[in-house]
Structure formats: structure tokens, C-alpha cells
$ cat protein21.cif   # mmCIF, C-alpha atoms
data_upload
#
loop_
_atom_site.label_atom_id
_atom_site.label_comp_id
_atom_site.auth_asym_id
_atom_site.auth_seq_id
_atom_site.Cartn_x
_atom_site.Cartn_y
_atom_site.Cartn_z
CA MET A 21 0.00 0.00 0.00
CA ALA A 22 2.78 2.43 0.93
CA ASP A 23 4.68 1.59 -2.27
CA ARG A 24 1.57 2.19 -4.34
CA LEU A 25 0.92 5.53 -2.65
CA SER A 26 4.55 6.53 -3.02
CA SER A 27 4.49 5.58 -6.69
CA LEU A 28 1.28 7.54 -7.23
CA LEU A 29 2.67 10.65 -5.58
CA LEU A 30 6.20 10.55 -6.97
CA THR A 31 5.76 9.53 -10.61
CA THR A 32 4.96 11.97 -13.37
CA SER A 33 4.70 11.97 -17.13
CA TYR A 34 5.92 15.57 -17.19
CA VAL A 35 9.23 15.87 -19.01
CA ARG A 36 11.51 18.55 -17.63
CA PRO A 37 12.50 21.09 -20.28
CA ASP A 38 16.14 21.76 -21.07
CA MET A 39 18.02 24.29 -18.97
CA ARG A 40 17.74 27.02 -21.61
CA GLN A 41 13.94 26.79 -21.58
CA ILE A 42 13.91 26.77 -17.78
CA MET A 43 16.05 29.92 -17.66
CA ILE A 44 13.92 31.70 -20.29
CA ALA A 45 10.74 30.81 -18.40
CA GLY A 46 12.19 32.07 -15.12
CA PHE A 47 13.46 35.26 -16.73
CA GLY A 48 10.13 35.83 -18.49
CA GLY A 49 8.14 35.38 -15.31
CA THR A 50 10.46 37.71 -13.42
CA LEU A 51 10.32 40.35 -16.14
CA ALA A 52 6.56 40.21 -16.70
CA ILE A 53 5.47 40.14 -13.07
CA GLY A 54 8.07 42.79 -12.22
CA LEU A 55 6.84 45.09 -15.00
CA LEU A 56 3.20 44.57 -14.05
CA GLY A 57 4.09 45.26 -10.42
CA MET A 58 5.87 48.49 -11.33
CA MET A 59 2.98 49.58 -13.55
CA ALA A 60 0.52 48.76 -10.77
CA HIS A 61 2.59 50.70 -8.25
CA PHE A 62 2.90 53.83 -10.36
CA SER A 63 -0.66 53.76 -11.73
CA GLY A 64 -2.33 52.80 -8.47
CA SER A 65 -4.39 50.12 -10.22
CA ALA A 66 -4.66 46.38 -9.66
CA LEU A 67 -2.78 45.31 -12.80
CA LEU A 68 -1.07 42.68 -10.68
CA MET A 69 -3.19 40.12 -8.84
CA ALA A 70 -2.57 36.61 -7.55
CA PRO A 71 -4.21 34.70 -10.44
CA LEU A 72 -1.72 36.31 -12.82
CA GLY A 73 1.11 34.54 -11.01
CA ALA A 74 -0.45 31.25 -12.05
CA THR A 75 -1.02 32.61 -15.56
CA ALA A 76 2.70 33.42 -15.71
CA VAL A 77 3.52 29.78 -14.91
CA LEU A 78 1.47 28.70 -17.91
CA VAL A 79 2.53 31.31 -20.49
CA PHE A 80 6.24 31.11 -19.62
CA GLY A 81 6.59 27.56 -18.30
CA LEU A 82 4.20 25.78 -20.66
CA PRO A 83 3.93 28.14 -23.63
CA ASP A 84 2.86 25.38 -26.04
CA SER A 85 -0.11 24.36 -23.89
CA PRO A 86 -3.46 25.25 -25.42
CA LEU A 87 -4.33 26.81 -22.04
CA SER A 88 -1.51 29.33 -22.59
CA GLY A 89 -2.94 30.74 -25.81
CA PRO A 90 -4.39 34.24 -26.11
CA ARG A 91 -7.99 33.03 -26.35
CA HIS A 92 -7.61 31.12 -23.10
CA VAL A 93 -5.57 33.69 -21.17
CA MET A 94 -7.53 36.80 -22.05
CA GLY A 95 -10.88 35.14 -22.69
CA GLY A 96 -10.73 33.08 -19.52
CA HIS A 97 -9.85 36.05 -17.33
CA ALA A 98 -12.43 38.36 -18.98
CA LEU A 99 -15.20 35.77 -18.75
CA SER A 100 -14.53 34.75 -15.17
CA MET A 101 -14.20 38.39 -14.04
CA SER A 102 -17.55 39.16 -15.71
CA ILE A 103 -19.21 36.23 -13.98
CA GLY A 104 -17.65 37.22 -10.67
CA LEU A 105 -18.99 40.74 -11.09
CA LEU A 106 -22.44 39.40 -11.93
CA CYS A 107 -22.45 37.28 -8.76
CA LEU A 108 -21.23 40.24 -6.69
CA PHE A 109 -24.00 42.40 -8.18
CA ILE A 110 -26.65 39.77 -7.40
CA VAL A 111 -25.45 39.19 -3.83
CA SER A 112 -25.50 42.95 -3.17
CA PHE A 113 -29.27 42.92 -3.88
CA VAL A 114 -30.14 39.60 -2.28
CA ALA A 115 -28.14 40.26 0.90
CA PRO A 116 -27.51 43.99 1.25
CA GLY A 117 -24.74 44.63 3.71
CA GLY A 118 -23.07 41.39 2.69
CA GLY A 119 -21.81 39.11 5.37
CA ALA A 120 -19.62 36.05 5.17
CA LEU A 121 -22.25 33.47 4.22
CA PRO A 122 -23.76 35.25 1.18
CA LEU A 123 -20.30 36.16 -0.14
CA THR A 124 -19.06 32.60 0.36
CA LEU A 125 -22.07 31.18 -1.49
CA ALA A 126 -21.60 33.75 -4.27
CA ALA A 127 -17.91 32.86 -4.48
CA GLY A 128 -18.81 29.21 -4.96
CA ALA A 129 -21.48 30.01 -7.52
CA GLY A 130 -19.16 32.39 -9.35
CA THR A 131 -16.34 29.87 -9.52
CA GLY A 132 -18.64 27.07 -10.68
CA LEU A 133 -20.29 29.26 -13.29
CA ALA A 134 -16.90 30.50 -14.49
CA ILE A 135 -15.69 26.92 -14.93
CA ALA A 136 -18.83 25.98 -16.87
CA ALA A 137 -18.69 29.11 -19.02
CA MET A 138 -14.99 28.68 -19.84
CA LEU A 139 -15.63 25.05 -20.82
CA ALA A 140 -18.64 26.02 -22.95
CA THR A 141 -16.78 28.83 -24.74
CA ARG A 142 -13.47 26.94 -25.10
CA THR A 143 -11.63 29.59 -23.08
CA VAL A 144 -10.49 27.37 -20.19
CA HIS A 145 -7.69 29.01 -18.24
CA PRO A 146 -7.32 27.48 -14.76
CA PRO A 147 -5.85 30.58 -13.04
CA ALA A 148 -8.94 32.55 -14.10
CA GLY A 149 -11.07 30.29 -11.92
CA ALA A 150 -9.77 32.27 -8.94
CA ASN A 151 -11.14 35.59 -10.22
CA PRO A 152 -14.65 35.27 -8.73
CA LEU A 153 -13.05 34.47 -5.37
CA LEU A 154 -10.83 37.52 -5.68
CA LEU A 155 -13.83 39.74 -6.35
CA MET A 156 -16.04 38.30 -3.60
CA PHE A 157 -13.43 38.56 -0.88
CA SER A 158 -12.02 41.95 -1.89
CA SER A 159 -14.50 43.83 0.34
CA ALA A 160 -15.12 46.16 -2.58
CA GLY A 161 -18.50 47.35 -3.72
CA PHE A 162 -19.66 46.52 -7.22
CA ALA A 163 -18.36 49.70 -8.92
CA ASP A 164 -14.99 49.51 -7.19
CA ALA A 165 -14.70 45.79 -7.96
CA ALA A 166 -15.46 46.46 -11.62
CA PHE A 167 -13.16 49.43 -12.15
CA LEU A 168 -10.41 48.81 -9.62
CA ILE A 169 -10.07 45.01 -9.79
CA ALA A 170 -11.82 43.39 -12.77
CA LEU A 171 -10.91 45.84 -15.53
CA PRO A 172 -7.26 46.24 -14.47
CA GLY A 173 -7.04 42.48 -13.89
CA VAL A 174 -8.09 41.72 -17.45
CA ALA A 175 -5.71 44.41 -18.70
CA GLY A 176 -2.98 42.75 -16.62
CA ALA A 177 -3.75 39.39 -18.26
CA PHE A 178 -3.48 41.04 -21.69
CA LEU A 179 -0.16 42.69 -20.81
CA LEU A 180 1.21 39.46 -19.32
CA TYR A 181 0.34 37.56 -22.49
CA LEU A 182 1.80 40.34 -24.65
CA ILE A 183 5.11 40.24 -22.76
CA ALA A 184 5.20 36.44 -23.07
CA ALA A 185 4.48 36.59 -26.81
CA LEU A 186 7.15 39.24 -27.40
CA LEU A 187 9.74 37.33 -25.38
CA ARG A 188 8.90 34.12 -27.19
CA ARG A 189 9.24 35.84 -30.53
CA ALA A 190 12.57 37.39 -29.53
CA GLU A 191 14.03 34.01 -28.52
CA ALA A 192 12.62 32.08 -31.49
CA PRO A 193 15.24 30.03 -33.39
CA SER A 194 14.76 32.12 -36.57
CA ASN A 195 16.01 35.22 -34.70
CA ARG A 196 19.29 33.73 -33.45
#

$ encode --input "protein21.cif" --output "C-alpha cells"
Amino acid sequence: MADRLSSLLLTTSYVRPDMRQIMIAGFGGTLAIGLLGMMAHFSGSALLMAPLGATAVLVFGLPDSPLSGPRHVMGGHALSMSIGLLCLFIVSFVAPGGGALPLTLAAGAGTGLAIAAMLATRTVHPPAGANPLLLMFSSAGFADAAFLIALPGVAGAFLLYLIAALLRRAEAPSNR
């Protein structure tokens, strides 16, 4: 039993990339998150949020994954932010004044609806599944959540993908 559990936990079909790819991915993640952080700092907006860290893992670490493509990155974040905002809007009418229970239920509904919508629209991007949670637990009202979190968050996803695409193009074999 212990051997079977150990085998299950320790084996993987994932093939480690070569050192060059590892270094490029690490550099890309550092550059992109650093730039977004600086832009967020100087603009005062939420261009940098936790789900974008997971997006960086995909676009830099697994750039050939379908989940790292522009449709998935930008579409997934935009769709899940929209659904999160819808749930926040609904909960503000159903339970004015909020409270932990309504927000928790809305967070669950928002995440589940975001998963279903991303699957239905072929925009699955796992990090975007955290966006409804981010919105529900931000303690922001609807307008602030929309303009200070959701809109900059989607812009951050766009900029992160743009940086990844530019870096990938710059290091492409045809440019060496």
C-alpha cells in the first residue's frame, strides 16, 4: 500500500524542459510580473493580482499548452471576471450589507459558473477560476470591484500575455 501511494505521488509523465527553456521561463516570469508590479505601483491600479502569477507559470513555463494561448488567457480572465462581477452584483441585492455566508455562497457560484462558461466557450484558463473568489473577498462594492479590480485584472492578463508573446518571438530560433 505504501509503495503504491509513493508511486502515485512521486511519478509523473511531465518531461523537464532543457536548462535554456527553464532559464527563459524564469526570466520571463520575473520580467513580466516585475513590470506589471511596477505599472501597478505607479498607476495605483490592480494590474497585478494573484491569479496572474499562475497565468505566468502557464505562459512562460508551458507556452505550447493550449491553455496558454491568447484566447484562453484573455478570454478566460475576462469571462470569469464578468461572472464574478455578476455574482457580486446579485449578492449585493439579495443580501444587502453582505456578510460572510452570502459572499461565500456567491464565491462558490461564481467559480462554478466561471468553470462551466470557460468550458462552454473553449476559453479554459485554470488561473482565471480564482477571479470570482478575488472579487467576492475583496470587500469592494460593485463599482470599485469592476473598475479597480476586474478591468485592471483583465488588462494585466493582456499585458502578461503580450510580454510572453514578445519574449517568445525574440528568442525564437529564426532570430538567433

$ closest_atom_pairs --input "protein21.cif" --of "region 22-94 of chain A" --to "region 170-175 of chain A" --cutoff "10 Å" --atoms "only C-alpha atoms" --output "Markdown table"
| residue | atom | partner | partner_atom | distance |
| --- | --- | --- | --- | --- |
| A:Ala60 | CA | A:Pro172 | CA | 9.0 |
| A:Ser65 | CA | A:Pro172 | CA | 6.4 |
| A:Ala66 | CA | A:Pro172 | CA | 5.5 |
| A:Leu67 | CA | A:Pro172 | CA | 4.9 |
| A:Leu68 | CA | A:Gly173 | CA | 6.8 |
| A:Met69 | CA | A:Gly173 | CA | 6.8 |
| A:Ala70 | CA | A:Gly173 | CA | 9.7 |
| A:Pro71 | CA | A:Gly173 | CA | 9.0 |
| A:Leu72 | CA | A:Gly173 | CA | 8.2 |
| A:Val93 | CA | A:Val174 | CA | 9.2 |
| A:Met94 | CA | A:Val174 | CA | 6.8 |

$ write_last_selection --input "protein21.cif" --atoms "C-alpha atoms" --output "mmCIF file, in the frame of the given file"
data_model
loop_
_atom_site.group_PDB
_atom_site.id
_atom_site.type_symbol
_atom_site.label_atom_id
_atom_site.label_comp_id
_atom_site.auth_asym_id
_atom_site.auth_seq_id
_atom_site.Cartn_x
_atom_site.Cartn_y
_atom_site.Cartn_z
ATOM 1 C CA ALA A 60 0.520 48.760 -10.770
ATOM 2 C CA SER A 65 -4.390 50.120 -10.220
ATOM 3 C CA ALA A 66 -4.660 46.380 -9.660
ATOM 4 C CA LEU A 67 -2.780 45.310 -12.800
ATOM 5 C CA LEU A 68 -1.070 42.680 -10.680
ATOM 6 C CA MET A 69 -3.190 40.120 -8.840
ATOM 7 C CA ALA A 70 -2.570 36.610 -7.550
ATOM 8 C CA PRO A 71 -4.210 34.700 -10.440
ATOM 9 C CA LEU A 72 -1.720 36.310 -12.820
ATOM 10 C CA VAL A 93 -5.570 33.690 -21.170
ATOM 11 C CA MET A 94 -7.530 36.800 -22.050
#

$ closest_residue --input "protein21.cif" --among "A:Leu29, A:Ala177, A:Gly57, A:Pro37" --to "Gly89 (chain A)" --atoms "all atoms listed in the file"
A:Ala177

$ residues_around --input "protein21.cif" --residues "Phe109 (chain A)" --least-positions-apart "5" --cutoff "9 Å" --atoms "all atoms listed in the file" --output "list in words"
Gly104, Val114, Gly161 and Phe162 of chain A

$ residues_near_point --input "protein21.cif" --point "(-2.7, 34.8, -25.6)" --cutoff "9 Å" --atoms "all atoms listed in the file" --output "ChimeraX atom specification"
/A:79,87-95,177-178,180-182,184-185

$ closest_residue --input "protein21.cif" --among "A:Arg189, A:Leu125, A:Leu28, A:Gly81" --to "Ile44 (chain A)" --atoms "only C-alpha atoms"
A:Gly81

$ closest_residue --input "protein21.cif" --among "A:His61, A:Arg24, A:Arg188, A:His97" --to "Ala134 (chain A)" --atoms "all atoms listed in the file"
A:His97

$ resolve_selection --input "protein21.cif" --expression "the PyMOL selection byres ((chain A and resi 137) around 12)" --output "list in words"
His92, Gly95, Gly96, His97, Ala98, Leu99, Ser100, Met101, Ser102, Ile103, Gly104, Ala129, Gly130, Thr131, Gly132, Leu133, Ala134, Ile135, Ala136, Met138, Leu139, Ala140, Thr141, Arg142, Thr143, Val144, His145, Ala148 and Gly149 of chain A

$ atom_distance --input "protein21.cif" --atom1 "CA of Leu78 (chain A)" --atom2 "CA of Pro147 (chain A)"
9.0 Å

$ atom_distance --input "protein21.cif" --atom1 "CA of Asn151 (chain A)" --atom2 "CA of Ala163 (chain A)"
15.9 Å

$ atom_distance --input "protein21.cif" --atom1 "CA of Gly176 (chain A)" --atom2 "CA of Pro83 (chain A)"
17.6 Å

$ resolve_selection --input "protein21.cif" --expression "the PyMOL selection byres ((chain A and resi 46-50) around 8)" --output "PDB file with C-alpha atoms, in the coordinates of the input"
ATOM      1  CA  ILE A  42      13.910  26.770 -17.780  1.00  0.00           C
ATOM      2  CA  MET A  43      16.050  29.920 -17.660  1.00  0.00           C
ATOM      3  CA  ILE A  44      13.920  31.700 -20.290  1.00  0.00           C
ATOM      4  CA  ALA A  45      10.740  30.810 -18.400  1.00  0.00           C
ATOM      5  CA  LEU A  51      10.320  40.350 -16.140  1.00  0.00           C
ATOM      6  CA  ALA A  52       6.560  40.210 -16.700  1.00  0.00           C
ATOM      7  CA  ILE A  53       5.470  40.140 -13.070  1.00  0.00           C
ATOM      8  CA  GLY A  54       8.070  42.790 -12.220  1.00  0.00           C
ATOM      9  CA  ALA A  76       2.700  33.420 -15.710  1.00  0.00           C
ATOM     10  CA  VAL A  77       3.520  29.780 -14.910  1.00  0.00           C
ATOM     11  CA  PHE A  80       6.240  31.110 -19.620  1.00  0.00           C
ATOM     12  CA  GLY A  81       6.590  27.560 -18.300  1.00  0.00           C
ATOM     13  CA  ILE A 183       5.110  40.240 -22.760  1.00  0.00           C
ATOM     14  CA  ALA A 184       5.200  36.440 -23.070  1.00  0.00           C
ATOM     15  CA  LEU A 187       9.740  37.330 -25.380  1.00  0.00           C
TER      16      LEU A 187
END

$ build_atoms --input "protein21.cif" --residues "region 123-140 of chain A" --atoms "N, CA and C atoms" --output "PDB file, in the coordinates of the input"
ATOM      1  N   LEU A 123     -21.482  36.007   0.710  1.00  0.00           N
ATOM      2  CA  LEU A 123     -20.300  36.160  -0.140  1.00  0.00           C
ATOM      3  C   LEU A 123     -19.651  34.812  -0.427  1.00  0.00           C
ATOM      4  N   THR A 124     -19.635  33.931   0.558  1.00  0.00           N
ATOM      5  CA  THR A 124     -19.060  32.600   0.360  1.00  0.00           C
ATOM      6  C   THR A 124     -19.882  31.805  -0.647  1.00  0.00           C
ATOM      7  N   LEU A 125     -21.206  31.874  -0.526  1.00  0.00           N
ATOM      8  CA  LEU A 125     -22.070  31.180  -1.490  1.00  0.00           C
ATOM      9  C   LEU A 125     -21.909  31.776  -2.893  1.00  0.00           C
ATOM     10  N   ALA A 126     -21.799  33.099  -2.973  1.00  0.00           N
ATOM     11  CA  ALA A 126     -21.600  33.750  -4.270  1.00  0.00           C
ATOM     12  C   ALA A 126     -20.249  33.398  -4.862  1.00  0.00           C
ATOM     13  N   ALA A 127     -19.238  33.253  -4.004  1.00  0.00           N
ATOM     14  CA  ALA A 127     -17.910  32.860  -4.480  1.00  0.00           C
ATOM     15  C   ALA A 127     -17.963  31.458  -5.082  1.00  0.00           C
ATOM     16  N   GLY A 128     -18.661  30.560  -4.420  1.00  0.00           N
ATOM     17  CA  GLY A 128     -18.810  29.210  -4.960  1.00  0.00           C
ATOM     18  C   GLY A 128     -19.575  29.202  -6.263  1.00  0.00           C
ATOM     19  N   ALA A 129     -20.690  29.934  -6.292  1.00  0.00           N
ATOM     20  CA  ALA A 129     -21.480  30.010  -7.520  1.00  0.00           C
ATOM     21  C   ALA A 129     -20.675  30.650  -8.649  1.00  0.00           C
ATOM     22  N   GLY A 130     -19.949  31.716  -8.329  1.00  0.00           N
ATOM     23  CA  GLY A 130     -19.160  32.390  -9.350  1.00  0.00           C
ATOM     24  C   GLY A 130     -18.072  31.506  -9.919  1.00  0.00           C
ATOM     25  N   THR A 131     -17.400  30.765  -9.051  1.00  0.00           N
ATOM     26  CA  THR A 131     -16.340  29.870  -9.520  1.00  0.00           C
ATOM     27  C   THR A 131     -16.924  28.751 -10.372  1.00  0.00           C
ATOM     28  N   GLY A 132     -18.003  28.142  -9.911  1.00  0.00           N
ATOM     29  CA  GLY A 132     -18.640  27.070 -10.680  1.00  0.00           C
ATOM     30  C   GLY A 132     -19.157  27.550 -12.024  1.00  0.00           C
ATOM     31  N   LEU A 133     -19.799  28.703 -12.028  1.00  0.00           N
ATOM     32  CA  LEU A 133     -20.290  29.260 -13.290  1.00  0.00           C
ATOM     33  C   LEU A 133     -19.145  29.641 -14.230  1.00  0.00           C
ATOM     34  N   ALA A 134     -18.061  30.152 -13.660  1.00  0.00           N
ATOM     35  CA  ALA A 134     -16.900  30.500 -14.490  1.00  0.00           C
ATOM     36  C   ALA A 134     -16.301  29.258 -15.134  1.00  0.00           C
ATOM     37  N   ILE A 135     -16.206  28.183 -14.368  1.00  0.00           N
ATOM     38  CA  ILE A 135     -15.690  26.920 -14.930  1.00  0.00           C
ATOM     39  C   ILE A 135     -16.585  26.464 -16.077  1.00  0.00           C
ATOM     40  N   ALA A 136     -17.888  26.434 -15.836  1.00  0.00           N
ATOM     41  CA  ALA A 136     -18.830  25.980 -16.870  1.00  0.00           C
ATOM     42  C   ALA A 136     -18.770  26.875 -18.103  1.00  0.00           C
ATOM     43  N   ALA A 137     -18.720  28.185 -17.889  1.00  0.00           N
ATOM     44  CA  ALA A 137     -18.690  29.110 -19.020  1.00  0.00           C
ATOM     45  C   ALA A 137     -17.387  28.986 -19.811  1.00  0.00           C
ATOM     46  N   MET A 138     -16.259  28.830 -19.114  1.00  0.00           N
ATOM     47  CA  MET A 138     -14.990  28.680 -19.840  1.00  0.00           C
ATOM     48  C   MET A 138     -14.990  27.375 -20.637  1.00  0.00           C
ATOM     49  N   LEU A 139     -15.548  26.309 -20.071  1.00  0.00           N
ATOM     50  CA  LEU A 139     -15.630  25.050 -20.820  1.00  0.00           C
ATOM     51  C   LEU A 139     -16.539  25.200 -22.036  1.00  0.00           C
ATOM     52  N   ALA A 140     -17.685  25.860 -21.850  1.00  0.00           N
ATOM     53  CA  ALA A 140     -18.640  26.020 -22.950  1.00  0.00           C
ATOM     54  C   ALA A 140     -18.106  26.900 -24.069  1.00  0.00           C
TER      55      ALA A 140
END
